[in-house]
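In what follows, a structure is listed as structure tokens, so that the remarks can point back to it.
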Amino acid sequence: MAAAITVAFGLLFQHVHAAAVPRSINQRPCINLTLPVSVTAQNAVYDVVHVDNNIDAAAFAVDSDTYSSPNSTERIIKAVPIKDTFNISAQLCVPSHGLKKESLQIATHGGGFDKRYWNVEIKPSEYSYVDACLDAGYSILTYDRLGCGNSDKPDAYTVGQLPLDLEILHGITKMARNGQLLQSATGSRSKLSTQRRHSTRLYMSATALAAFSPSASSPTTEYAPQNDPELFGDFTSGYVVPGTKSAVQTGFFSTRRNEAAGVGGFEPELLEYGFAVRQPIAVTQLLSSSQLNLGVADQFMGPVQFMLAEFDFLSCDGDCKGAADPDVLQALYPNAKDIDVYIQKGTGHGLTIHRGADVGYKASLDFLVKNGL
Ligand SMILES: *[C@@H]1O[C@H](CO)[C@@H](O)[C@H](O)[C@H]1NC(C)=O
Ligand SMILES: *[C@@H]1O[C@H](CO)[C@@H](O)[C@H](O)[C@H]1NC(C)=O
Ligand SMILES: *[C@@H]1O[C@H](CO)[C@@H](O)[C@H](O)[C@H]1NC(C)=O
């Protein structure tokens with residue numbers, strides 16, 4: 001699951017595009033934040049294989065995907081209410097001459113990565129969504145989801161679950177609206193142009209990038225601290241990670257080409273990068289998507305764009321053509337002002353690390369501009 005949400009704080013917008021400015025990673029107008037996010041959520045105790053080594057990890061993956069195993073709802077033993085404050089590592093980037101001063105994008109990465117997913121350091125002018133936003137004049141907040149990167153890594157069986165993840169995104173969005181982001185700045189604020197205190201009307205646009213639950217066993221799954229003690233030594237029981245470069249390729253990359261469009265495949269150094277920045281995920285996070293109870297968003301009046309990767313193995317078994325039914329999407333967002341489905345040609349699940357990433361970024365940013373955000 002990966003998504004970018006645009007929270008806009010007014011109607012000021014201009015039909016002007018900023019010229020693209022090449023910049024190195026360290027020259028970006030960005031600061032690091034540790035956000036203390038207070039949340040309540042309804043999690044669950046699951047009957048699940050406990051993972052304390054690689055043998056357990058493979059057993060977990062096979063058990064999860066065995067057709068006669070209980071499904072995730074049937075595995076629930078009891079509900080667990082969570083009420084706590086978690087430290088979330090975030091990065092806020094604000095262009096000095098932002099043309100979209102009234103908007104902030106908040107980007108959530110999917111399982112298997114952290115916030116670096118949005119800020120690829122190889123050929124950033126092609127692959128970094130953060131740079132694409134800055135060049136178009138947008139501010140963007142990226143963060144490490146609970147249980148990976150530099151954010152807190154709680155118990156993988158009862159705490160690291162999707163209902164809590166959703167409330168954390170909600171909490172971060174509220175902090176942004178209330179002007180509370182910079183209160184927890186750990187770096188120099190002088191790198192940023194001043195952020196206004198936002199409290200005005202809200203407009204939201206969700207650019208949802210394929211929110212489906214991956215099968216646990218498709219990529220070879222290993223116990224994180226055993227897979228790489230140096231990278232993942234601080235992860236505890238129940239955290240698993242795609243174990244090899246081939247596992248990352250199977251899950252997130254496609255070698256297929258869309259011949260008609262003449263696009264497809266990936267650059268090998270992006271696979272190296274994807275493997276280097278891979279991140280563990282809690283076993284119950286893989287199980288808990290059916291507990292999200294997302295329902296119908298009938299109060300949402302903003303625009304929604306769904307982005308799918310044409311050859312997505314994790315979400316669509318390798319081919320997303322026809323995967324999005326416009327009638328179903330309309331029923332989920334009955335009052336959205338604009339619903340768009342964009343299929344990015346010739347790419348696998350990892351949209352930001354595939355050839356043509358920048359084509360998809362343009363489609364998202366054009367959609368926002370078209371909708372006045
Ligand atoms: C932000 O944190 C990253 C590590 O996550 C580090 O590489 C980078 O230098 C930090 N940037 C600033 C401005 O402190
Ligand atoms: C799980 O199985 C039950 C039947 O035992 C069914 O009612 C339910 O819809 C299933 N849930 C999921 C998420 O597949
Ligand atoms: C969160 O960060 C604060 C401030 O750095 C620290 O005092 C607190 O112990 C952290 N909480 C956890 C759970 O790590």
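We name chains A, B, ... following the order of the structure tokens; residues begin at 1 in each chain, and ligands are numbered from 1 as shown.
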For segment 164-173 of chain A, please output as a CSV table (one decimal) with N, CA and C atoms, in the first residue's frame all residues within 7 Å (counting only C-alpha atoms; exclusion window: fewer than 4 positions along the same chain).
```csv
chain,number,residue,atom,x,y,z
A,37,VAL,N,3.2,11.0,17.7
A,37,VAL,CA,1.8,10.9,17.2
A,37,VAL,C,1.0,10.1,18.2
A,38,SER,N,-0.1,10.7,18.7
A,38,SER,CA,-0.9,10.1,19.7
A,38,SER,C,-2.1,9.5,19.0
A,39,VAL,N,-2.4,8.2,19.3
A,39,VAL,CA,-3.5,7.5,18.5
A,39,VAL,C,-4.2,6.5,19.4
A,41,ALA,N,-6.6,3.0,18.5
A,41,ALA,CA,-7.0,2.1,17.4
A,41,ALA,C,-7.4,0.8,18.0
A,43,ASN,N,-6.8,-2.9,17.4
A,43,ASN,CA,-6.1,-4.0,16.8
A,43,ASN,C,-6.6,-5.4,17.3
A,146,LEU,N,5.0,3.1,11.0
A,146,LEU,CA,5.4,2.4,12.3
A,146,LEU,C,6.0,1.0,12.0
A,177,ARG,N,-2.5,20.0,9.7
A,177,ARG,CA,-3.6,21.0,9.6
A,177,ARG,C,-3.5,21.9,10.8
```
Within 9 Å of ligand 2, which residues of chain A show up? Give each one with its shortest atom-to-atom distance in Å (one decimal) and the two atoms involved, counting only C-alpha atoms and all ligand atoms, rows by chain then rising residue number, as a tab-separated table.
```
residue	atom	partner	partner_atom_place_in_ligand_line	distance
A:Pro70	CA	ligand 2	1 (C)	7.2
A:Asn71	CA	ligand 2	1 (C)	5.0
A:Ser72	CA	ligand 2	13 (C)	5.9
A:Thr73	CA	ligand 2	11 (N)	5.4
A:Glu74	CA	ligand 2	1 (C)	5.7
A:Arg75	CA	ligand 2	1 (C)	8.9
A:Ser289	CA	ligand 2	13 (C)	8.4
A:Ser290	CA	ligand 2	13 (C)	5.2
A:Gln291	CA	ligand 2	13 (C)	8.1
```
May I ask for the distance between atom CA of Val328 of chain A and atom CA of His349 of chain A, given in Å to one decimal place?
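According to the coordinates, atom CA of Val328 of chain A and atom CA of His349 of chain A are separated by 21.6 Å.
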Write out as JSON lines a residue-level contact list of chain A versus ligand 3 with cut-off 10 Å: for each qualifying residue the closest pair of atoms and the distance in Å to one decimal, counting only C-alpha atoms and all ligand atoms, rows sorted by chain and residue number upward.
```
{"residue": "A:Thr34", "atom": "CA", "partner": "ligand 3", "partner_atom_place_in_ligand_line": "2 (O)", "distance": 7.1}
{"residue": "A:Leu35", "atom": "CA", "partner": "ligand 3", "partner_atom_place_in_ligand_line": "2 (O)", "distance": 8.1}
{"residue": "A:Pro36", "atom": "CA", "partner": "ligand 3", "partner_atom_place_in_ligand_line": "1 (C)", "distance": 6.5}
{"residue": "A:Val37", "atom": "CA", "partner": "ligand 3", "partner_atom_place_in_ligand_line": "1 (C)", "distance": 9.5}
{"residue": "A:Asp84", "atom": "CA", "partner": "ligand 3", "partner_atom_place_in_ligand_line": "13 (C)", "distance": 9.2}
{"residue": "A:Thr85", "atom": "CA", "partner": "ligand 3", "partner_atom_place_in_ligand_line": "13 (C)", "distance": 7.4}
{"residue": "A:Phe86", "atom": "CA", "partner": "ligand 3", "partner_atom_place_in_ligand_line": "13 (C)", "distance": 5.9}
{"residue": "A:Asn87", "atom": "CA", "partner": "ligand 3", "partner_atom_place_in_ligand_line": "1 (C)", "distance": 4.9}
{"residue": "A:Ile88", "atom": "CA", "partner": "ligand 3", "partner_atom_place_in_ligand_line": "1 (C)", "distance": 8.4}
{"residue": "A:Ser89", "atom": "CA", "partner": "ligand 3", "partner_atom_place_in_ligand_line": "2 (O)", "distance": 9.9}
{"residue": "A:Ser151", "atom": "CA", "partner": "ligand 3", "partner_atom_place_in_ligand_line": "14 (O)", "distance": 8.5}
{"residue": "A:Asp152", "atom": "CA", "partner": "ligand 3", "partner_atom_place_in_ligand_line": "14 (O)", "distance": 6.1}
{"residue": "A:Lys153", "atom": "CA", "partner": "ligand 3", "partner_atom_place_in_ligand_line": "13 (C)", "distance": 8.7}
{"residue": "A:Pro154", "atom": "CA", "partner": "ligand 3", "partner_atom_place_in_ligand_line": "13 (C)", "distance": 8.5}
{"residue": "A:Ser184", "atom": "CA", "partner": "ligand 3", "partner_atom_place_in_ligand_line": "4 (C)", "distance": 8.9}
{"residue": "A:Thr186", "atom": "CA", "partner": "ligand 3", "partner_atom_place_in_ligand_line": "5 (O)", "distance": 9.3}
```
Run DSSP on the backbone and grab whatever in segment 31-276 of chain A lands in strand (DSSP E); send it over as a ChimeraX atom specification.
/A:31-46,76-93,103-108,139-143,203-209,221-223,239-242,257-258,263-264
Produce a table with one row for each residue of chain A that has an atom at most 7 Å from any atom of ligand 1, each row naming the nearest atom pair and its distance in Å at one decimal; use only C-alpha atoms and all ligand atoms; arrange rows by chain and rising residue number; format as a Markdown table.
```
| residue | atom | partner | partner_atom_place_in_ligand_line | distance |
| --- | --- | --- | --- | --- |
| A:Cys30 | CA | ligand 1 | 13 (C) | 6.2 |
| A:Ile31 | CA | ligand 1 | 13 (C) | 4.8 |
| A:Asn32 | CA | ligand 1 | 1 (C) | 4.9 |
| A:Asn150 | CA | ligand 1 | 5 (O) | 6.9 |
| A:Gly187 | CA | ligand 1 | 14 (O) | 5.3 |
```
